[in-house]
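final-v7.txt follows; it contains compact mmCIF, C-alpha atoms and all ligand atoms.
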# COMPACT_ATOMS: atom_id res chain seq x y z
CA MET A 950 10.34 17.56 -3.27
CA LYS A 951 8.80 14.37 -4.58
CA ILE A 952 7.77 11.43 -2.40
CA THR A 953 7.13 7.98 -3.83
CA VAL A 954 5.54 5.26 -1.71
CA LEU A 955 7.60 2.21 -2.60
CA GLY A 956 5.66 -0.10 -0.30
CA SER A 957 2.49 0.31 1.79
CA GLY A 958 2.25 -3.18 3.27
CA THR A 959 2.83 -4.67 6.68
CA SER A 960 5.57 -7.23 7.34
CA GLN A 961 3.90 -10.15 5.49
CA GLY A 962 2.93 -8.01 2.51
CA VAL A 963 -0.43 -8.26 0.76
CA PRO A 964 -1.51 -10.70 -0.62
CA VAL A 965 -0.50 -12.96 2.24
CA ILE A 966 0.85 -16.33 1.06
CA GLY A 967 -2.07 -18.78 0.83
CA CYS A 968 -4.78 -16.34 1.98
CA LYS A 969 -8.08 -16.33 0.08
CA CYS A 970 -9.66 -13.28 1.72
CA LYS A 971 -11.28 -10.58 -0.41
CA THR A 972 -8.28 -8.24 -0.18
CA CYS A 973 -5.72 -10.92 -0.99
CA THR A 974 -7.77 -12.07 -4.01
CA SER A 975 -8.71 -8.52 -5.11
CA GLU A 976 -7.89 -7.59 -8.70
CA ASN A 977 -7.32 -3.97 -7.71
CA ILE A 978 -3.59 -3.25 -8.10
CA LYS A 979 -3.88 -0.95 -5.05
CA ASP A 980 -4.59 -4.01 -2.89
CA LYS A 981 -1.12 -5.39 -3.68
CA ARG A 982 1.23 -4.10 -1.01
CA LEU A 983 4.99 -4.59 -0.83
CA ARG A 984 6.79 -3.96 2.46
CA ALA A 985 6.87 -0.38 3.80
CA SER A 986 9.34 2.15 2.41
CA VAL A 987 9.35 5.60 0.80
CA TYR A 988 11.71 7.33 -1.64
CA VAL A 989 12.20 11.06 -1.22
CA GLU A 990 13.70 13.27 -3.93
CA THR A 991 14.76 16.67 -2.60
CA GLY A 992 16.50 19.47 -4.50
CA ASP A 993 19.90 17.83 -4.05
CA SER A 994 19.40 14.21 -2.94
CA LYS A 995 17.62 10.91 -3.35
CA ILE A 996 16.80 9.63 0.10
CA LEU A 997 15.41 6.19 0.85
CA ILE A 998 13.61 5.53 4.14
CA ASP A 999 14.23 1.86 5.03
CA THR A 1000 15.53 -0.86 2.69
CA SER A 1001 12.45 -3.07 2.71
CA ILE A 1002 12.55 -6.78 1.90
CA ASP A 1003 11.15 -5.75 -1.50
CA PHE A 1004 13.73 -3.00 -2.16
CA ARG A 1005 14.99 -4.44 -5.48
CA ARG A 1006 11.49 -4.98 -6.87
CA GLN A 1007 10.47 -1.50 -5.72
CA MET A 1008 13.38 0.24 -7.45
CA LEU A 1009 12.64 -1.62 -10.69
CA ASP A 1010 8.87 -1.03 -10.54
CA ASN A 1011 9.32 2.71 -9.94
CA ASN A 1012 12.20 3.30 -12.38
CA LYS A 1013 14.50 4.46 -9.59
CA THR A 1014 18.20 3.88 -10.20
CA ASP A 1015 20.04 5.75 -7.46
CA VAL A 1016 20.09 6.24 -3.68
CA ASP A 1017 22.29 8.86 -2.00
CA ALA A 1018 21.34 8.13 1.62
CA VAL A 1019 19.25 5.69 3.64
CA LEU A 1020 17.38 6.65 6.81
CA PHE A 1021 16.48 3.65 8.93
CA THR A 1022 13.41 3.82 11.17
CA HIS A 1023 14.28 0.64 13.10
CA HIS A 1024 15.87 -2.79 12.67
CA HIS A 1025 12.89 -5.11 12.06
CA ALA A 1026 13.24 -7.54 9.15
CA ASP A 1027 10.58 -5.97 6.92
CA HIS A 1028 12.45 -2.63 7.05
CA ILE A 1029 16.04 -3.75 6.52
CA PHE A 1030 16.23 -7.04 4.61
CA GLY A 1031 16.62 -5.41 1.20
CA MET A 1032 19.88 -3.70 2.17
CA ASP A 1033 22.12 -6.16 0.33
CA ASP A 1034 20.79 -4.81 -2.98
CA LEU A 1035 22.45 -1.44 -2.37
CA ARG A 1036 25.43 -3.26 -3.97
CA GLN A 1037 24.07 -2.59 -7.44
CA ILE A 1038 24.12 1.15 -6.76
CA ASN A 1039 27.58 0.98 -5.15
CA GLN A 1040 29.00 -0.85 -8.15
CA ARG A 1041 27.28 0.99 -10.97
CA LEU A 1042 27.84 4.48 -9.57
CA ASN A 1043 31.11 3.66 -7.83
CA LYS A 1044 30.09 5.17 -4.51
CA TYR A 1045 29.46 4.44 -0.85
CA ILE A 1046 26.01 5.20 0.55
CA ASP A 1047 25.47 7.06 3.84
CA VAL A 1048 23.18 5.13 6.16
CA TYR A 1049 21.58 6.92 9.12
CA GLY A 1050 19.88 5.53 12.21
CA ARG A 1051 19.76 5.41 15.99
CA LYS A 1052 22.75 3.65 17.59
CA ASP A 1053 20.64 0.68 18.70
CA THR A 1054 19.15 0.35 15.21
CA LEU A 1055 22.55 0.38 13.48
CA ASP A 1056 23.99 -2.04 16.06
CA GLU A 1057 21.18 -4.50 15.32
CA ILE A 1058 21.63 -4.06 11.57
CA LEU A 1059 25.34 -4.84 11.90
CA LYS A 1060 24.50 -8.02 13.82
CA THR A 1061 21.99 -9.10 11.18
CA PHE A 1062 24.30 -8.25 8.26
CA ARG A 1063 27.43 -9.63 9.97
CA TYR A 1064 29.21 -10.21 6.63
CA ILE A 1065 29.25 -6.57 5.55
CA THR A 1066 32.27 -5.66 7.70
CA ASP A 1067 34.45 -8.45 6.23
CA LYS A 1068 37.44 -6.59 4.77
CA GLU A 1069 37.99 -9.05 1.95
CA LEU A 1070 34.35 -8.89 0.87
CA ILE A 1071 34.51 -5.09 0.99
CA MET A 1072 37.64 -5.15 -1.17
CA HIS A 1073 35.84 -7.26 -3.77
CA LYS A 1074 32.75 -5.02 -3.49
CA CYS A 1075 30.46 -7.98 -2.92
CA VAL A 1076 28.78 -6.47 0.13
CA PRO A 1077 26.76 -3.26 0.42
CA LEU A 1078 29.27 -0.41 0.80
CA ILE A 1079 27.88 1.92 3.43
CA ASN A 1080 29.01 4.68 5.78
CA LEU A 1081 27.22 4.18 9.09
CA LYS A 1082 26.06 7.47 10.63
CA ILE A 1083 24.67 7.33 14.15
CA ILE A 1084 22.13 10.08 14.76
CA GLU A 1085 20.58 11.50 17.91
CA ASN A 1086 17.10 12.91 18.19
CA LYS A 1087 18.03 16.27 16.70
CA LYS A 1088 17.98 17.88 13.29
CA PHE A 1089 20.83 17.05 10.92
CA TYR A 1090 21.67 17.73 7.31
CA PHE A 1091 22.37 15.46 4.38
CA ARG A 1092 23.97 17.83 1.87
CA LYS A 1093 21.56 20.80 2.09
CA THR A 1094 18.49 18.76 3.03
CA GLY A 1095 17.47 19.22 6.66
CA ILE A 1096 16.16 16.05 8.33
CA THR A 1097 14.48 16.00 11.74
CA PRO A 1098 14.16 12.63 13.51
CA VAL A 1099 10.93 12.07 15.44
CA GLU A 1100 11.31 9.72 18.41
CA VAL A 1101 8.25 7.53 18.87
CA LEU A 1102 7.41 4.19 20.49
CA HIS A 1103 6.93 0.92 18.59
CA GLY A 1104 5.53 -1.15 21.46
CA ARG A 1105 8.27 -0.81 24.04
CA ILE A 1106 11.15 0.14 21.73
CA LYS A 1107 12.09 3.67 20.71
CA ILE A 1108 12.32 4.16 16.97
CA PHE A 1109 12.64 7.11 14.60
CA GLY A 1110 10.24 8.66 12.17
CA TYR A 1111 11.56 11.51 10.01
CA ARG A 1112 10.46 14.97 8.98
CA ILE A 1113 11.93 16.47 5.77
CA GLY A 1114 10.58 19.92 4.94
CA ASN A 1115 6.80 19.78 5.35
CA PHE A 1116 6.66 16.00 4.97
CA ALA A 1117 6.74 13.55 7.88
CA TYR A 1118 6.98 9.76 7.71
CA LEU A 1119 6.10 7.55 10.67
CA THR A 1120 5.90 3.80 10.39
CA ASP A 1121 5.52 1.07 13.03
CA CYS A 1122 4.48 3.64 15.60
CA SER A 1123 2.18 2.88 18.52
CA PHE A 1124 2.68 6.04 20.59
CA ILE A 1125 3.91 9.59 20.01
CA PRO A 1126 5.28 11.34 23.13
CA GLU A 1127 3.86 14.82 23.62
CA GLU A 1128 7.29 16.50 23.47
CA GLU A 1129 7.51 15.40 19.82
CA TYR A 1130 4.19 17.03 18.82
CA VAL A 1131 5.92 20.27 17.79
CA LYS A 1132 7.54 18.37 14.90
CA PHE A 1133 4.10 17.87 13.33
CA ASP A 1134 3.30 21.58 12.97
CA ASN A 1135 2.30 22.85 9.51
CA LEU A 1136 2.71 19.60 7.61
CA ASP A 1137 1.68 19.41 3.98
CA LEU A 1138 1.96 15.63 4.03
CA LEU A 1139 1.97 12.99 6.76
CA ILE A 1140 2.45 9.32 5.96
CA ILE A 1141 1.65 7.25 9.05
CA ASN A 1142 1.08 3.58 9.80
CA ALA A 1143 -2.43 2.14 10.14
CA LEU A 1144 -2.16 -1.62 10.55
CA ARG A 1145 -5.71 -2.94 10.63
CA LEU A 1146 -9.12 -2.39 12.25
CA ARG A 1147 -8.49 -4.16 15.56
CA PRO A 1148 -6.02 -2.66 18.06
CA HIS A 1149 -2.45 -4.02 18.06
CA PRO A 1150 0.15 -3.76 20.85
CA THR A 1151 2.96 -2.31 18.70
CA HIS A 1152 1.27 -0.48 15.78
CA PHE A 1153 -1.49 2.13 15.44
CA ASN A 1154 -4.70 0.71 14.02
CA LEU A 1155 -6.88 2.63 11.55
CA GLU A 1156 -8.83 4.53 14.21
CA GLN A 1157 -5.66 5.62 16.06
CA ALA A 1158 -3.90 6.74 12.86
CA VAL A 1159 -6.93 8.76 11.79
CA GLY A 1160 -6.97 10.28 15.30
CA ILE A 1161 -3.35 11.39 14.88
CA ALA A 1162 -4.18 12.94 11.50
CA GLU A 1163 -7.10 14.80 13.06
CA LEU A 1164 -4.87 16.00 15.91
CA PHE A 1165 -2.03 17.37 13.78
CA LYS A 1166 -4.15 18.38 10.76
CA PRO A 1167 -1.61 17.99 7.95
CA LYS A 1168 -3.01 19.09 4.59
CA GLN A 1169 -2.92 15.48 3.40
CA THR A 1170 -2.44 12.20 5.26
CA TYR A 1171 -1.74 8.81 3.71
CA LEU A 1172 -1.86 5.60 5.74
CA THR A 1173 0.72 2.84 5.29
CA HIS A 1174 2.07 -0.47 6.72
CA ILE A 1175 -1.35 -2.01 6.08
CA THR A 1176 -2.52 -5.62 6.47
CA HIS A 1177 -5.07 -7.46 4.32
CA ASP A 1178 -7.74 -6.33 6.81
CA LEU A 1179 -8.11 -3.06 4.91
CA MET A 1180 -9.39 -3.25 1.34
CA HIS A 1181 -8.31 -0.16 -0.59
CA ASN A 1182 -11.54 1.11 -2.19
CA GLU A 1183 -13.80 0.00 0.64
CA ILE A 1184 -11.84 1.81 3.38
CA ASN A 1185 -11.01 4.89 1.31
CA SER A 1186 -14.67 5.48 0.48
CA GLU A 1187 -15.36 5.75 4.23
CA LEU A 1188 -12.45 8.10 4.93
CA PRO A 1189 -12.30 11.86 4.25
CA GLU A 1190 -10.45 12.90 1.08
CA ASN A 1191 -7.53 14.31 3.03
CA ILE A 1192 -6.97 11.03 4.94
CA GLN A 1193 -6.61 8.05 2.62
CA LEU A 1194 -4.86 4.70 2.40
CA ALA A 1195 -1.60 4.92 0.48
CA TYR A 1196 -0.74 2.43 -2.26
CA ASP A 1197 2.45 1.20 -3.86
CA GLY A 1198 3.68 3.63 -6.51
CA LEU A 1199 1.78 6.63 -5.12
CA GLU A 1200 3.69 9.86 -5.91
CA ILE A 1201 3.20 13.18 -4.16
CA SER A 1202 4.98 16.40 -5.14
CA LEU A 1203 5.46 19.15 -2.57
CA LYS A 1204 7.05 22.58 -2.78
CA ASP A 1205 10.54 22.52 -1.22
ZN ZN B 1301 7.23 -3.04 10.05
ZN ZN B 1302 -5.87 -12.10 3.04
ZN ZN B 1303 8.66 -2.98 13.32
The structure given in the file should be rewritten as structure tokens.
Ligand SMILES: [Zn+2]
Ligand SMILES: [Zn+2]
Ligand SMILES: [Zn+2]
Amino acid sequence: MKITVLGSGTSQGVPVIGCKCKTCTSENIKDKRLRASVYVETGDSKILIDTSIDFRRQMLDNNKTDVDAVLFTHHHADHIFGMDDLRQINQRLNKYIDVYGRKDTLDEILKTFRYITDKELIMHKCVPLINLKIIENKKFYFRKTGITPVEVLHGRIKIFGYRIGNFAYLTDCSFIPEEEYVKFDNLDLLIINALRLRPHPTHFNLEQAVGIAELFKPKQTYLTHITHDLMHNEINSELPENIQLAYDGLEISLKD
């Protein structure tokens, strides 16, 4: 299994428009963060988690040309606004794409992308062609790849993270209920959100995310959904080697 971090940034991205702070003006490529998403290649599928606002740029930058399935974590703009660009994959490969999410997430996505159910537009293939698949909080399979949703809180709303094999991805999380802890056993890789230094009502900050990593002890943890508060080299030099900030384009290979 190979995981590529397509975007490690919070909703505004980094640099932030007009900001002159040291992170936003940094020349380190690892301080440039597109909106949060990961691309997972398993033995039989290419799975995208969230279609970030920067989806098109991310596919081009990482030489990715195909998506078999999309797993949505939740419906916020930074995680869904790239969905229209699935059209290029629909048209070039002549296929529909299976899109998974909680019922409330998919309902919100359908409201936001109202045009995608227009029969005439579907006929002319000028909308993303997707099969909506509502999932509950229990393990399911895409082809032979087992996927376990992890139900967590993002402020007051319930959202999904996902575990695939020994990899788990959690973004926009502010609380993990104890009954979900079992899904974090024996992880080789955890990617989890760490917004900034100060606390935030709907996202873990750096200290909380590091606390989660120390609790579950995955072999490696990478932090994502990061604001310009956290400068890559500065923060990473203070963190242990097995808990580090992610960056756009980071690739991790794991045994299936
Ligand atoms: Zn977000
Ligand atoms: Zn800044
Ligand atoms: Zn969110």
So which residues touch His1181 (chain A) within 12 Å, counting only C-alpha atoms, skipping near sequence neighbours fewer than 2 positions away, as a short mmCIF file (atom, residue, chain, number, x, y, z; two decimals) with C-alpha atoms, keeping the file's coordinate frame?
data_model
loop_
_atom_site.label_atom_id
_atom_site.label_comp_id
_atom_site.auth_asym_id
_atom_site.auth_seq_id
_atom_site.Cartn_x
_atom_site.Cartn_y
_atom_site.Cartn_z
CA SER A 957 2.49 0.31 1.79
CA GLY A 958 2.25 -3.18 3.27
CA VAL A 963 -0.43 -8.26 0.76
CA LYS A 971 -11.28 -10.58 -0.41
CA THR A 972 -8.28 -8.24 -0.18
CA CYS A 973 -5.72 -10.92 -0.99
CA SER A 975 -8.71 -8.52 -5.11
CA GLU A 976 -7.89 -7.59 -8.70
CA ASN A 977 -7.32 -3.97 -7.71
CA ILE A 978 -3.59 -3.25 -8.10
CA LYS A 979 -3.88 -0.95 -5.05
CA ASP A 980 -4.59 -4.01 -2.89
CA LYS A 981 -1.12 -5.39 -3.68
CA ARG A 982 1.23 -4.10 -1.01
CA ARG A 1145 -5.71 -2.94 10.63
CA TYR A 1171 -1.74 8.81 3.71
CA LEU A 1172 -1.86 5.60 5.74
CA THR A 1173 0.72 2.84 5.29
CA ILE A 1175 -1.35 -2.01 6.08
CA THR A 1176 -2.52 -5.62 6.47
CA HIS A 1177 -5.07 -7.46 4.32
CA ASP A 1178 -7.74 -6.33 6.81
CA LEU A 1179 -8.11 -3.06 4.91
CA GLU A 1183 -13.80 0.00 0.64
CA ILE A 1184 -11.84 1.81 3.38
CA ASN A 1185 -11.01 4.89 1.31
CA SER A 1186 -14.67 5.48 0.48
CA GLU A 1187 -15.36 5.75 4.23
CA LEU A 1188 -12.45 8.10 4.93
CA GLN A 1193 -6.61 8.05 2.62
CA LEU A 1194 -4.86 4.70 2.40
CA ALA A 1195 -1.60 4.92 0.48
CA TYR A 1196 -0.74 2.43 -2.26
CA ASP A 1197 2.45 1.20 -3.86
#
Residue nearest Tyr1045 (chain A) among A:Lys1087, A:Lys1074, A:Arg1006, A:Arg1147 (counting all atoms listed in the file):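 Of A:Lys1087, A:Lys1074, A:Arg1006, A:Arg1147, the one nearest Tyr1045 (chain A) is A:Lys1074, counting all atoms listed in the file.
Note that the spacing between CA of Ile966 (chain A) and CA of Asp1027 (chain A) amounts to 15.4 Å.
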Given all atoms listed in the file, how would the per-residue table for chain A near ligand ZN 1301 (chain B) read, listing every residue at most 8 Å away with its closest atom pair and distance in Å to one decimal, sorted by chain and number, as JSON lines?
{"residue": "A:Thr959", "atom": "CA", "partner": "B:ZN1301", "partner_atom": "ZN", "distance": 5.8}
{"residue": "A:Ser960", "atom": "CA", "partner": "B:ZN1301", "partner_atom": "ZN", "distance": 5.3}
{"residue": "A:Arg984", "atom": "CA", "partner": "B:ZN1301", "partner_atom": "ZN", "distance": 7.7}
{"residue": "A:Ala985", "atom": "CA", "partner": "B:ZN1301", "partner_atom": "ZN", "distance": 6.8}
{"residue": "A:His1025", "atom": "CA", "partner": "B:ZN1301", "partner_atom": "ZN", "distance": 6.4}
{"residue": "A:Ala1026", "atom": "CA", "partner": "B:ZN1301", "partner_atom": "ZN", "distance": 7.6}
{"residue": "A:Asp1027", "atom": "CA", "partner": "B:ZN1301", "partner_atom": "ZN", "distance": 5.4}
{"residue": "A:His1028", "atom": "CA", "partner": "B:ZN1301", "partner_atom": "ZN", "distance": 6.0}
{"residue": "A:Thr1120", "atom": "CA", "partner": "B:ZN1301", "partner_atom": "ZN", "distance": 7.0}
{"residue": "A:Asp1121", "atom": "CA", "partner": "B:ZN1301", "partner_atom": "ZN", "distance": 5.4}
{"residue": "A:His1174", "atom": "CA", "partner": "B:ZN1301", "partner_atom": "ZN", "distance": 6.7}
message: Measuring between only C-alpha atoms and all ligand atoms, which one of A:Val1048, A:Cys968, A:Leu997, A:Val954 shows the shortest distance to ligand ZN 1302 (chain B)?
response: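 The answer is A:Cys968, which sits nearest to ligand ZN 1302 (chain B).
Picture a line from CA of Ile1201 (chain A) to CA of Phe1116 (chain A); it runs 10.2 Å.
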- request: Could you give me, as a VMD selection string, every polymer residue with an atom at most 12 Å away from an atom of ligand ZN 1303 (chain B), counting all atoms listed in the file?
  value: chain A and resid 958 to 961 984 to 985 999 1001 1021 to 1029 1054 1101 to 1110 1119 to 1123 1142 1144 1150 to 1153 1174
Could you please take those selected residues and save C-alpha atoms as a PDB file, keeping the file's coordinate frame?
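Writing the result to out.pdb gives the following:
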ATOM      1  CA  GLY A 958       2.250  -3.180   3.270  1.00  0.00           C
ATOM      2  CA  THR A 959       2.830  -4.670   6.680  1.00  0.00           C
ATOM      3  CA  SER A 960       5.570  -7.230   7.340  1.00  0.00           C
ATOM      4  CA  GLN A 961       3.900 -10.150   5.490  1.00  0.00           C
ATOM      5  CA  ARG A 984       6.790  -3.960   2.460  1.00  0.00           C
ATOM      6  CA  ALA A 985       6.870  -0.380   3.800  1.00  0.00           C
ATOM      7  CA  ASP A 999      14.230   1.860   5.030  1.00  0.00           C
ATOM      8  CA  SER A1001      12.450  -3.070   2.710  1.00  0.00           C
ATOM      9  CA  PHE A1021      16.480   3.650   8.930  1.00  0.00           C
ATOM     10  CA  THR A1022      13.410   3.820  11.170  1.00  0.00           C
ATOM     11  CA  HIS A1023      14.280   0.640  13.100  1.00  0.00           C
ATOM     12  CA  HIS A1024      15.870  -2.790  12.670  1.00  0.00           C
ATOM     13  CA  HIS A1025      12.890  -5.110  12.060  1.00  0.00           C
ATOM     14  CA  ALA A1026      13.240  -7.540   9.150  1.00  0.00           C
ATOM     15  CA  ASP A1027      10.580  -5.970   6.920  1.00  0.00           C
ATOM     16  CA  HIS A1028      12.450  -2.630   7.050  1.00  0.00           C
ATOM     17  CA  ILE A1029      16.040  -3.750   6.520  1.00  0.00           C
ATOM     18  CA  THR A1054      19.150   0.350  15.210  1.00  0.00           C
ATOM     19  CA  VAL A1101       8.250   7.530  18.870  1.00  0.00           C
ATOM     20  CA  LEU A1102       7.410   4.190  20.490  1.00  0.00           C
ATOM     21  CA  HIS A1103       6.930   0.920  18.590  1.00  0.00           C
ATOM     22  CA  GLY A1104       5.530  -1.150  21.460  1.00  0.00           C
ATOM     23  CA  ARG A1105       8.270  -0.810  24.040  1.00  0.00           C
ATOM     24  CA  ILE A1106      11.150   0.140  21.730  1.00  0.00           C
ATOM     25  CA  LYS A1107      12.090   3.670  20.710  1.00  0.00           C
ATOM     26  CA  ILE A1108      12.320   4.160  16.970  1.00  0.00           C
ATOM     27  CA  PHE A1109      12.640   7.110  14.600  1.00  0.00           C
ATOM     28  CA  GLY A1110      10.240   8.660  12.170  1.00  0.00           C
ATOM     29  CA  LEU A1119       6.100   7.550  10.670  1.00  0.00           C
ATOM     30  CA  THR A1120       5.900   3.800  10.390  1.00  0.00           C
ATOM     31  CA  ASP A1121       5.520   1.070  13.030  1.00  0.00           C
ATOM     32  CA  CYS A1122       4.480   3.640  15.600  1.00  0.00           C
ATOM     33  CA  SER A1123       2.180   2.880  18.520  1.00  0.00           C
ATOM     34  CA  ASN A1142       1.080   3.580   9.800  1.00  0.00           C
ATOM     35  CA  LEU A1144      -2.160  -1.620  10.550  1.00  0.00           C
ATOM     36  CA  PRO A1150       0.150  -3.760  20.850  1.00  0.00           C
ATOM     37  CA  THR A1151       2.960  -2.310  18.700  1.00  0.00           C
ATOM     38  CA  HIS A1152       1.270  -0.480  15.780  1.00  0.00           C
ATOM     39  CA  PHE A1153      -1.490   2.130  15.440  1.00  0.00           C
ATOM     40  CA  HIS A1174       2.070  -0.470   6.720  1.00  0.00           C
TER      41      HIS A1174
END
message: Could you check the closest approach to Thr991 (chain A) for each of A:Leu1203, A:Leu1164, A:Val1076, A:Ile1065 and tell me which residue wins, using all atoms listed in the file?
response: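 Ranking A:Leu1203, A:Leu1164, A:Val1076, A:Ile1065 by distance to Thr991 (chain A), first place goes to A:Leu1203.
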Select from region 1004-1028 of chain A every residue with an atom at most 8 Å from any atom of region 1034-1044 of chain A, then for each give the shortest pair of atoms and their distance in Å to one decimal, using only C-alpha atoms, rows by chain and rising number, as JSON lines.
{"residue": "A:Phe1004", "atom": "CA", "partner": "A:Asp1034", "partner_atom": "CA", "distance": 7.3}
{"residue": "A:Arg1005", "atom": "CA", "partner": "A:Asp1034", "partner_atom": "CA", "distance": 6.3}
{"residue": "A:Thr1014", "atom": "CA", "partner": "A:Ile1038", "partner_atom": "CA", "distance": 7.4}
{"residue": "A:Asp1015", "atom": "CA", "partner": "A:Ile1038", "partner_atom": "CA", "distance": 6.2}
{"residue": "A:Val1016", "atom": "CA", "partner": "A:Ile1038", "partner_atom": "CA", "distance": 7.2}
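Proximity ranking of A:Ile1113, A:Leu1155, A:Cys970, A:Ala1018 relative to ligand ZN 1302 (chain B) places A:Cys970 first, based on all atoms listed in the file.
Closest approach to ligand ZN 1302 (chain B) among A:Ile1046, A:Ile1096, A:Leu955, A:Val965: A:Val965, based on all atoms listed in the file.
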message: Considering only C-alpha atoms and all ligand atoms, can you say which of A:Asn1086, A:Asn1191, A:Thr974, A:Gln1007 comes closest to ligand ZN 1302 (chain B)?
response: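 Ranking A:Asn1086, A:Asn1191, A:Thr974, A:Gln1007 by distance to ligand ZN 1302 (chain B), first place goes to A:Thr974.
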- request: Figure out the distance between CA of Gly956 (chain A) and CA of Leu1146 (chain A), please, to one decimal in Å.
  value: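 One can read the CA of Leu1146 (chain A) to CA of Gly956 (chain A) distance as 19.5 Å.
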- prompt: Leaving out Tyr1118 (chain A) and any residue of its chain fewer than 4 positions from it, which residues lie within 7 Å of it when counting only C-alpha atoms, given as a PyMOL selection string?
  reply: chain A and resi 1110-1112+1139-1141
